[in-house]
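Here's start29.cif, which has mmCIF, C-alpha atoms:
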```
data_work
loop_
_atom_site.label_atom_id
_atom_site.label_comp_id
_atom_site.auth_asym_id
_atom_site.auth_seq_id
_atom_site.Cartn_x
_atom_site.Cartn_y
_atom_site.Cartn_z
CA MET A 1 71.44 62.40 -15.56
CA LYS A 2 69.77 60.58 -12.76
CA LYS A 3 66.37 61.97 -13.76
CA MET A 4 66.55 60.39 -17.26
CA ILE A 5 67.25 56.84 -16.08
CA ILE A 6 63.86 56.15 -14.47
CA PRO A 7 61.66 57.02 -17.49
CA ALA A 8 63.90 55.02 -19.78
CA MET A 9 63.61 51.94 -17.57
CA ALA A 10 59.84 52.31 -17.42
CA LEU A 11 59.70 52.55 -21.19
CA CYS A 12 61.67 49.32 -21.53
CA VAL A 13 59.20 47.54 -19.26
CA LEU A 14 56.22 48.74 -21.32
CA ILE A 15 57.83 47.66 -24.57
CA ALA A 16 58.70 44.25 -23.14
CA CYS A 17 55.01 43.57 -22.39
CA SER A 18 52.88 42.76 -25.41
CA PRO A 19 49.69 44.83 -25.85
CA ARG A 20 47.46 41.66 -25.50
CA GLU A 21 49.10 40.56 -22.27
CA ASN A 22 48.93 44.05 -20.84
CA GLN A 23 45.25 44.36 -21.73
CA ASN A 24 44.40 40.95 -20.27
CA SER A 25 46.16 41.74 -17.02
CA LEU A 26 44.49 45.14 -16.69
CA HIS A 27 40.95 44.21 -17.76
CA GLY A 28 40.74 40.47 -16.97
CA THR A 29 39.70 39.50 -20.51
CA LYS A 30 41.71 36.32 -20.69
CA PRO A 31 39.54 33.74 -22.56
CA THR A 32 37.68 31.28 -20.34
CA PRO A 33 38.13 27.65 -21.37
CA VAL A 34 34.82 25.90 -22.05
CA THR A 35 33.43 22.82 -23.70
CA THR A 36 30.76 23.11 -26.37
CA VAL A 37 28.04 21.05 -27.97
CA VAL A 38 26.06 21.34 -31.18
CA VAL A 39 22.30 21.80 -30.92
CA LYS A 40 20.66 18.84 -32.61
CA LYS A 41 17.27 17.64 -33.69
CA GLU A 42 16.19 14.09 -32.91
CA LYS A 43 13.06 12.02 -32.92
CA GLY A 44 11.53 11.44 -29.53
CA VAL A 45 8.34 10.32 -27.84
CA THR A 46 6.36 13.16 -26.39
CA ALA A 47 6.36 12.77 -22.61
CA LEU A 48 4.09 14.71 -20.29
CA ARG A 49 5.63 15.49 -16.91
CA TYR A 50 3.90 16.81 -13.82
CA SER A 51 4.55 17.26 -10.13
CA GLY A 52 2.17 15.10 -8.10
CA THR A 53 1.28 14.36 -4.49
CA VAL A 54 0.30 11.05 -2.88
CA GLY A 55 -3.20 11.05 -1.37
CA ALA A 56 -5.16 8.42 0.55
CA TYR A 57 -7.72 6.34 -1.33
CA GLN A 58 -10.22 7.17 1.38
CA SER A 59 -10.02 9.62 4.27
CA ILE A 60 -12.65 9.57 7.04
CA PRO A 61 -12.75 12.17 9.83
CA ILE A 62 -14.25 10.65 13.01
CA ASN A 63 -16.01 12.76 15.65
CA PHE A 64 -17.68 12.05 18.97
CA GLN A 65 -21.47 12.18 18.70
CA THR A 66 -21.77 14.10 21.95
CA THR A 67 -19.84 16.63 24.00
CA GLY A 68 -17.68 15.94 27.02
CA THR A 69 -14.16 15.55 28.36
CA VAL A 70 -11.86 13.05 26.67
CA GLN A 71 -11.14 10.23 29.09
CA GLU A 72 -9.01 7.82 27.07
CA VAL A 73 -7.46 7.55 23.60
CA LEU A 74 -6.65 3.97 22.66
CA VAL A 75 -4.89 4.46 19.30
CA ASP A 76 -2.13 6.58 17.82
CA ALA A 77 -1.22 7.82 14.35
CA GLY A 78 -0.06 4.96 12.16
CA ASP A 79 -2.01 2.25 14.01
CA ALA A 80 -4.03 -0.19 11.92
CA VAL A 81 -7.64 -0.53 13.14
CA TYR A 82 -10.59 -2.74 12.23
CA LYS A 83 -14.28 -1.97 11.85
CA GLY A 84 -16.02 -1.73 15.25
CA GLN A 85 -12.81 -1.25 17.25
CA LEU A 86 -13.03 1.13 20.23
CA LEU A 87 -10.81 4.14 19.54
CA ALA A 88 -11.48 6.67 22.31
CA THR A 89 -13.90 7.45 25.15
CA LEU A 90 -15.36 10.50 26.90
CA ASP A 91 -16.04 10.86 30.62
CA GLN A 92 -19.20 8.80 31.13
CA SER A 93 -20.12 9.86 34.71
CA ASP A 94 -23.16 12.03 33.90
CA ALA A 95 -24.38 9.82 31.08
CA LYS A 96 -24.05 6.72 33.23
CA ASN A 97 -25.96 8.29 36.15
CA MET A 98 -28.76 9.34 33.81
CA TYR A 99 -28.91 5.84 32.38
CA GLU A 100 -29.20 4.29 35.83
CA ILE A 101 -31.99 6.72 36.78
CA THR A 102 -34.00 5.95 33.65
CA LEU A 103 -33.33 2.23 34.08
CA SER A 104 -34.78 2.37 37.58
CA GLN A 105 -37.84 4.27 36.36
CA TYR A 106 -38.34 1.77 33.57
CA GLN A 107 -38.12 -1.20 35.93
CA GLN A 108 -40.62 0.47 38.24
CA ALA A 109 -43.03 1.12 35.38
CA LYS A 110 -42.59 -2.41 34.09
CA ASP A 111 -43.30 -3.90 37.53
CA ALA A 112 -46.45 -1.80 37.89
CA TYR A 113 -47.53 -2.79 34.39
CA GLY A 114 -47.14 -6.47 35.27
CA ARG A 115 -49.15 -6.21 38.45
CA LEU A 116 -52.00 -4.16 36.93
CA LYS A 117 -52.23 -6.35 33.85
CA THR A 118 -53.82 -9.16 35.91
CA VAL A 119 -56.30 -6.75 37.45
CA TYR A 120 -57.17 -5.33 34.03
CA GLU A 121 -57.72 -8.80 32.54
CA LYS A 122 -60.17 -9.60 35.36
CA GLY A 123 -62.11 -6.45 34.50
CA SER A 124 -61.39 -4.74 37.80
CA LEU A 125 -59.34 -1.89 36.30
CA PRO A 126 -60.95 0.94 34.32
CA GLU A 127 -59.85 1.19 30.70
CA ILE A 128 -58.54 4.73 31.17
CA LYS A 129 -56.25 3.61 33.98
CA TRP A 130 -54.89 0.77 31.87
CA VAL A 131 -54.15 3.10 28.92
CA GLU A 132 -52.38 5.45 31.33
CA MET A 133 -50.27 2.54 32.60
CA GLU A 134 -49.31 1.50 29.08
CA SER A 135 -48.34 5.08 28.26
CA LYS A 136 -46.10 5.35 31.32
CA LEU A 137 -44.32 2.12 30.39
CA GLU A 138 -43.73 3.34 26.84
CA GLN A 139 -42.39 6.67 28.12
CA ALA A 140 -40.04 4.91 30.52
CA GLN A 141 -38.84 2.65 27.69
CA SER A 142 -38.17 5.66 25.42
CA ALA A 143 -36.31 7.53 28.17
CA LEU A 144 -34.19 4.44 28.82
CA ASN A 145 -33.35 4.13 25.11
CA ILE A 146 -32.29 7.79 24.94
CA ALA A 147 -30.13 7.44 28.06
CA LYS A 148 -28.53 4.27 26.69
CA ASN A 149 -27.85 5.99 23.36
CA ASN A 150 -26.22 8.98 25.10
CA LEU A 151 -24.04 6.60 27.10
CA ASP A 152 -22.98 4.80 23.93
CA LYS A 153 -22.09 8.13 22.30
CA CYS A 154 -19.28 8.50 24.82
CA HIS A 155 -17.48 5.76 22.88
CA MET A 156 -15.84 6.30 19.50
CA TYR A 157 -15.67 3.25 17.22
CA ALA A 158 -13.96 2.70 13.86
CA PRO A 159 -16.59 2.67 11.08
CA VAL A 160 -14.31 0.81 8.63
CA ASN A 161 -10.97 -0.96 8.46
CA GLY A 162 -8.09 1.44 7.99
CA MET A 163 -5.15 3.24 9.52
CA VAL A 164 -5.09 6.20 11.89
CA GLY A 165 -3.84 9.10 9.79
CA ARG A 166 -4.11 11.88 12.37
CA ARG A 167 -4.69 12.07 16.12
CA ASN A 168 -5.83 15.48 17.32
CA ILE A 169 -7.00 14.66 20.87
CA GLU A 170 -5.45 13.88 24.22
CA PRO A 171 -7.04 12.82 27.54
CA GLY A 172 -8.43 15.80 29.44
CA MET A 173 -9.35 17.83 26.35
CA SER A 174 -12.91 19.00 25.82
CA SER A 175 -14.56 17.78 22.65
CA ILE A 176 -16.17 21.22 22.26
CA SER A 177 -12.79 22.95 21.87
CA LEU A 178 -11.65 20.78 18.96
CA THR A 179 -11.37 22.67 15.66
CA SER A 180 -10.79 19.52 13.61
CA ALA A 181 -11.84 15.89 13.79
CA PRO A 182 -10.37 14.11 16.86
CA LEU A 183 -9.20 11.20 14.71
CA GLU A 184 -8.86 10.64 10.99
CA LEU A 185 -8.85 7.20 9.42
CA VAL A 186 -7.24 6.63 6.03
CA ASP A 187 -7.31 3.70 3.65
CA ILE A 188 -3.93 3.47 1.90
CA ARG A 189 -4.10 -0.10 0.59
CA GLN A 190 -4.57 1.88 -2.62
CA VAL A 191 -3.50 5.49 -3.06
CA TYR A 192 -4.18 8.30 -5.50
CA ILE A 193 -1.44 10.32 -7.16
CA LYS A 194 -2.95 13.77 -7.63
CA PHE A 195 -1.53 16.22 -10.17
CA SER A 196 -2.67 19.31 -12.06
CA VAL A 197 -2.90 19.32 -15.86
CA PRO A 198 -2.79 22.58 -17.89
CA GLU A 199 -5.82 23.19 -20.08
CA ASN A 200 -3.74 22.88 -23.28
CA GLU A 201 -2.73 19.32 -22.31
CA VAL A 202 -5.88 17.96 -20.69
CA ALA A 203 -7.11 16.55 -24.02
CA LYS A 204 -4.01 14.33 -24.21
CA ILE A 205 -4.87 12.47 -21.00
CA GLY A 206 -7.69 9.97 -20.69
CA LYS A 207 -9.17 7.64 -18.09
CA GLY A 208 -7.43 4.26 -18.05
CA MET A 209 -4.20 5.67 -19.51
CA LYS A 210 -1.06 4.06 -18.04
CA ALA A 211 1.33 6.31 -16.12
CA GLY A 212 4.56 6.04 -14.20
CA PHE A 213 5.99 8.13 -11.39
CA SER A 214 8.98 8.23 -9.07
CA VAL A 215 9.11 9.29 -5.42
CA SER A 216 12.19 11.14 -4.17
CA ALA A 217 11.45 10.18 -0.56
CA LEU A 218 11.81 6.51 -1.57
CA SER A 219 15.17 6.97 -3.35
CA ASP A 220 13.40 7.78 -6.64
CA LYS A 221 11.72 4.38 -6.70
CA GLU A 222 9.44 4.03 -9.72
CA PHE A 223 5.79 2.93 -9.64
CA ARG A 224 3.11 2.28 -12.24
CA GLY A 225 -0.61 2.97 -12.23
CA VAL A 226 -3.56 4.03 -14.37
CA VAL A 227 -5.45 7.30 -14.61
CA ALA A 228 -8.61 6.85 -12.52
CA ASN A 229 -10.33 10.14 -13.27
CA ILE A 230 -9.88 13.71 -14.46
CA SER A 231 -11.88 16.59 -13.04
CA PRO A 232 -14.25 18.07 -15.63
CA VAL A 233 -14.00 21.48 -13.95
CA ALA A 234 -10.88 23.67 -13.99
CA ASP A 235 -9.50 25.35 -10.91
CA ARG A 236 -10.72 28.95 -10.89
CA ILE A 237 -7.30 30.42 -10.12
CA SER A 238 -4.73 28.16 -11.82
CA ARG A 239 -7.00 27.08 -14.71
CA THR A 240 -5.72 23.52 -14.37
CA TYR A 241 -7.59 20.23 -14.13
CA GLU A 242 -6.89 17.75 -11.33
CA ALA A 243 -6.15 14.20 -12.47
CA ARG A 244 -5.66 11.16 -10.24
CA ILE A 245 -3.71 7.96 -10.78
CA LEU A 246 -4.82 4.90 -8.82
CA VAL A 247 -1.93 2.76 -7.54
CA PRO A 248 -1.84 -0.45 -5.43
CA ASN A 249 0.02 0.07 -2.15
CA ASN A 250 0.07 -3.31 -0.46
CA ASP A 251 3.30 -2.67 1.48
CA PHE A 252 2.14 0.83 2.57
CA ALA A 253 5.39 2.34 1.22
CA LEU A 254 3.49 5.24 -0.38
CA LYS A 255 2.25 7.63 2.29
CA PRO A 256 -0.11 10.61 1.88
CA GLY A 257 1.77 13.86 1.32
CA MET A 258 4.77 12.41 -0.52
CA VAL A 259 5.83 14.41 -3.58
CA CYS A 260 6.40 12.54 -6.84
CA ASP A 261 7.42 13.16 -10.44
CA VAL A 262 4.70 11.93 -12.80
CA LYS A 263 5.64 10.92 -16.34
CA MET A 264 3.08 9.98 -18.96
CA GLU A 265 4.20 8.84 -22.39
CA THR A 266 2.02 9.31 -25.43
CA SER A 267 2.24 7.34 -28.67
CA MET A 268 3.00 10.51 -30.66
CA GLU A 269 6.58 10.68 -31.98
CA LYS A 270 8.02 13.92 -33.35
CA GLU A 271 11.32 15.68 -34.03
CA LEU A 272 12.57 17.71 -31.11
CA VAL A 273 15.37 20.26 -30.68
CA LEU A 274 17.43 18.80 -27.83
CA ILE A 275 20.29 20.13 -25.68
CA PRO A 276 22.10 18.60 -22.66
CA TYR A 277 20.52 19.26 -19.26
CA GLN A 278 23.75 20.71 -17.84
CA SER A 279 23.96 23.47 -20.48
CA ILE A 280 21.03 25.51 -19.13
CA SER A 281 21.10 28.23 -16.44
CA LYS A 282 18.62 30.63 -14.82
CA ASP A 283 19.06 34.37 -14.25
CA ASN A 284 17.69 36.61 -11.50
CA GLN A 285 14.42 37.05 -13.41
CA ASN A 286 14.02 33.26 -13.51
CA ASN A 287 14.63 33.19 -17.27
CA VAL A 288 16.13 29.99 -18.63
CA PHE A 289 19.15 30.69 -20.85
CA VAL A 290 22.21 29.16 -22.49
CA PHE A 291 25.47 30.66 -23.74
CA LEU A 292 25.52 30.68 -27.53
CA VAL A 293 28.98 30.52 -29.09
CA ASP A 294 29.82 33.45 -31.42
CA LEU A 295 32.50 31.76 -33.55
CA PRO A 296 34.01 34.84 -35.28
CA ALA A 297 34.25 36.87 -32.07
CA LYS A 298 35.09 33.86 -29.88
CA LYS A 299 32.56 35.09 -27.35
CA ALA A 300 29.68 33.58 -25.36
CA LYS A 301 26.35 35.30 -25.95
CA LYS A 302 23.49 34.92 -23.45
CA GLN A 303 20.48 33.40 -25.20
CA ILE A 304 17.13 33.10 -23.41
CA ILE A 305 15.20 29.97 -24.35
CA ILE A 306 11.89 28.29 -23.62
CA ILE A 307 12.20 24.67 -22.60
CA GLY A 308 9.76 21.81 -22.95
CA GLN A 309 9.80 18.25 -21.67
CA TYR A 310 12.71 16.16 -20.47
CA GLN A 311 13.76 13.39 -22.83
CA ASP A 312 16.23 10.55 -22.43
CA ALA A 313 18.50 12.20 -25.02
CA GLY A 314 18.32 15.69 -23.51
CA LEU A 315 16.08 18.63 -22.78
CA GLU A 316 13.56 19.81 -25.36
CA VAL A 317 13.88 23.44 -26.50
CA ILE A 318 10.64 24.97 -27.75
CA SER A 319 12.10 28.28 -28.90
CA GLY A 320 15.34 30.27 -28.83
CA LEU A 321 17.69 27.82 -30.54
CA GLU A 322 18.06 26.25 -33.96
CA PRO A 323 19.70 22.95 -34.94
CA GLY A 324 23.36 23.40 -35.83
CA GLN A 325 24.04 26.25 -33.41
CA ILE A 326 26.84 25.75 -30.88
CA ILE A 327 26.30 26.33 -27.16
CA VAL A 328 28.50 26.12 -24.08
CA ASN A 329 28.13 22.85 -22.24
CA GLY A 330 30.89 22.97 -19.62
CA GLY A 331 32.45 25.93 -17.81
CA LYS A 332 29.36 28.17 -18.05
CA GLU A 333 29.56 28.99 -14.34
CA LYS A 334 32.45 31.41 -14.99
CA LEU A 335 30.81 33.20 -17.92
CA SER A 336 28.75 36.34 -18.37
CA ASP A 337 27.24 37.82 -21.51
CA ASN A 338 29.92 38.54 -24.15
CA SER A 339 32.70 36.74 -22.24
CA LEU A 340 35.75 35.72 -24.28
CA ILE A 341 35.99 31.94 -24.49
CA SER A 342 38.33 29.28 -25.78
CA TRP A 343 37.59 25.64 -26.59
#
```

Written as structure tokens, that's how I'd like the structure from this file.
Amino acid sequence: MKKMIIPAMALCVLIACSPRENQNSLHGTKPTPVTTVVVKKEKGVTALRYSGTVGAYQSIPINFQTTGTVQEVLVDAGDAVYKGQLLATLDQSDAKNMYEITLSQYQQAKDAYGRLKTVYEKGSLPEIKWVEMESKLEQAQSALNIAKNNLDKCHMYAPVNGMVGRRNIEPGMSSISLTSAPLELVDIRQVYIKFSVPENEVAKIGKGMKAGFSVSALSDKEFRGVVANISPVADRISRTYEARILVPNNDFALKPGMVCDVKMETSMEKELVLIPYQSISKDNQNNVFVFLVDLPAKKAKKQIIIIGQYQDAGLEVISGLEPGQIIVNGGKEKLSDNSLISW
């Protein structure tokens, strides 16, 4: 009798549980609550978006004109400099000694020239001796000029007004060992925004075209400029064309190397298939996809799509979706392909 009680009790428990509840508890197929949105088609202005980088209007590498040991560096990165300002010096000991030697030789030759000139004018000095004296004075003058020039080469001066962009030297270093320019001057009163344009879009961009961009490093501050030029030659590897936007930078807020989001609006208006930004996801193969709602089955189907440009009303879909279809907008993080959903 005791053996019959246990199976009967187990049977009662199984009957008490509905088949749906039992299945959900065993297989975890309880519908996931989501929010949905209808794919729509709207008119929008075609916007071209690119990732750009801030570059200096002018960049000038400055080198010493002779070799030697760095004695003093008078500027640092970020310092504003003016044309003719002394920036750095090399050890001048040898050059200075050579200059003093040639100066002494020149003064000696000049003194002899002055004394013999009177003798020559009186006719007491042979012509050949006078020509020899003139030649010695000219040689001494040339040697002095060379020595003075070598001494001056120990000084590095700013060729233009600008700002020190990089400093690659320190006192005690040898100028021979430098693999890059000791100092680099940049002019950032204006800057270029450089970005690459695909070959299928290069015809849409022209010189003088107005453009806007935002810089994440400056709290997404927006700037305006004009397209200054577009390279006529494509990059051999990426097959893109480099374009540059010229922008005033009077407060020096834009600094070379900053990354920016370039947006260029064209006058062409067309109908676009748009979806909310938050509805898209990416898989392990870097495919962009959404979850398409299967109404009869109440399931979410993974749908790979190709996206276009960002618009104010949403994200453009080039292929993969049609207007009127319903996609998951909220709660997609908990879904997989063919998940049961409720909304």

**Item:** Pick from A:Lys117, A:Asp261, A:Ser339, A:Tyr241, whichever lies nearest to Ala297 (chain A) using only C-alpha atoms
**Value:**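 Among A:Lys117, A:Asp261, A:Ser339, A:Tyr241, it is A:Ser339 that comes nearest to Ala297 (chain A).
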
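All polymer residues at most 6 Å from (-11.2, 4.0, 14.4), using only C-alpha atoms, appear as Val81, Leu87, Tyr157 and Ala158 of chain A.
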
**Request:** For CA of Arg49 (chain A) and CA of Glu316 (chain A), quote the distance in Å rounded to one decimal.
**Result:**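 These atoms are spaced 12.4 Å apart.
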
Which residues are near Ile245 (chain A)? Cut-off 10 Å, only C-alpha atoms, ignore same chain within fewer than 5 positions. Put them as a short mmCIF file (atom, residue, chain, number, x, y, z; two decimals) with C-alpha atoms, in the coordinates of the input.
```cif
data_model
loop_
_atom_site.label_atom_id
_atom_site.label_comp_id
_atom_site.auth_asym_id
_atom_site.auth_seq_id
_atom_site.Cartn_x
_atom_site.Cartn_y
_atom_site.Cartn_z
CA GLY A 52 2.17 15.10 -8.10
CA VAL A 54 0.30 11.05 -2.88
CA GLY A 55 -3.20 11.05 -1.37
CA VAL A 191 -3.50 5.49 -3.06
CA TYR A 192 -4.18 8.30 -5.50
CA ILE A 193 -1.44 10.32 -7.16
CA LYS A 194 -2.95 13.77 -7.63
CA PHE A 195 -1.53 16.22 -10.17
CA LYS A 207 -9.17 7.64 -18.09
CA GLY A 208 -7.43 4.26 -18.05
CA MET A 209 -4.20 5.67 -19.51
CA LYS A 210 -1.06 4.06 -18.04
CA ALA A 211 1.33 6.31 -16.12
CA GLY A 212 4.56 6.04 -14.20
CA PHE A 213 5.99 8.13 -11.39
CA ARG A 224 3.11 2.28 -12.24
CA GLY A 225 -0.61 2.97 -12.23
CA VAL A 226 -3.56 4.03 -14.37
CA VAL A 227 -5.45 7.30 -14.61
CA ALA A 228 -8.61 6.85 -12.52
CA ASN A 229 -10.33 10.14 -13.27
CA ILE A 230 -9.88 13.71 -14.46
CA VAL A 262 4.70 11.93 -12.80
#
```

**Asked** Distance CA of Leu295 (chain A)-CA of Tyr310 (chain A), one decimal place?
**Response** 28.4 Å

**Message:** I'd like the neighbourhood of Pro182 (chain A) as a ChimeraX atom specification, where a residue qualifies if any of its atoms comes within 12 Å (using all atoms listed in the file), though same-chain residues fewer than 6 positions away should be ignored.
**Reply:** /A:60-65,70,73,75-77,87-90,156,164-171,173-176

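By chain and then residue number, the residues within 12 Å of Pro296 (chain A) are A:Ala300, A:Leu340, A:Ile341, A:Ser342, counting all atoms listed in the file and disregarding those fewer than 4 positions away in sequence.
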
**Request:** Have a look at CA of Ser59 (chain A) and CA of Arg236 (chain A) and let me know their distance in Å, one decimal.
**Result:**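 That distance, rounded to one decimal, is 24.6 Å.
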
**Asked** Applied to this file, what does the PyMOL selection byres ((chain A and resi 313) around 9) return in terms of residues, put as JSON, numbers by chain?
**Response** {"A": [42, 44, 274, 275, 276, 310, 311, 312, 314, 315]}

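For the file shown, the residue list from the PyMOL selection byres ((chain A and resi 128-136) around 8) reads Ala109, Ala112, Tyr113, Leu116, Lys117, Tyr120, Leu125, Pro126, Glu127, Leu137, Glu138, Gln139 and Ala140 of chain A.
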
**Request:** Pull out every residue that the PyMOL selection byres ((chain A and resi 325) around 9) matches in the shown coordinates and put them as a PyMOL selection string.
**Result:** chain A and resi 37-40+292-293+321-324+326-327

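Those residues that approach Asn150 (chain A) to within 9 Å, counting all atoms listed in the file, are Gln65, Thr66, Ala95, Lys96, Tyr99 and Asn145 of chain A; same-chain residues fewer than 5 positions away are not listed.
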
**Message:** Restricting the calculation to all atoms listed in the file: of A:Val290, A:Val317, A:Ile306, A:Ile205, which residue gets closest to Gly331 (chain A)?
**Reply:** A:Val290

**Asked** Ala234 (chain A): which residues within 12 Å, counting all atoms listed in the file, same-chain residues fewer than 4 positions away excluded, as an NGL selection string?
**Response** :A and (196-200 or 202 or 230 or 238-243)

Save out the residues we just selected, C-alpha atoms, as a PDB file, in the coordinates of the input.
```pdb
ATOM      1  CA  SER A 196      -2.670  19.310 -12.060  1.00  0.00           C
ATOM      2  CA  VAL A 197      -2.900  19.320 -15.860  1.00  0.00           C
ATOM      3  CA  PRO A 198      -2.790  22.580 -17.890  1.00  0.00           C
ATOM      4  CA  GLU A 199      -5.820  23.190 -20.080  1.00  0.00           C
ATOM      5  CA  ASN A 200      -3.740  22.880 -23.280  1.00  0.00           C
ATOM      6  CA  VAL A 202      -5.880  17.960 -20.690  1.00  0.00           C
ATOM      7  CA  ILE A 230      -9.880  13.710 -14.460  1.00  0.00           C
ATOM      8  CA  SER A 238      -4.730  28.160 -11.820  1.00  0.00           C
ATOM      9  CA  ARG A 239      -7.000  27.080 -14.710  1.00  0.00           C
ATOM     10  CA  THR A 240      -5.720  23.520 -14.370  1.00  0.00           C
ATOM     11  CA  TYR A 241      -7.590  20.230 -14.130  1.00  0.00           C
ATOM     12  CA  GLU A 242      -6.890  17.750 -11.330  1.00  0.00           C
ATOM     13  CA  ALA A 243      -6.150  14.200 -12.470  1.00  0.00           C
TER      14      ALA A 243
END
```

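Compared by their closest atoms to Gln303 (chain A), and using all atoms listed in the file, the residues A:Ser104, A:Asn97, A:Thr35, A:Ser336 rank with A:Ser336 nearest.
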
**Request:** Using only C-alpha atoms, find the one residue out of A:Lys302, A:Arg244, A:Lys334, A:Lys282 that sits nearest to Ser51 (chain A).
**Result:** A:Arg244
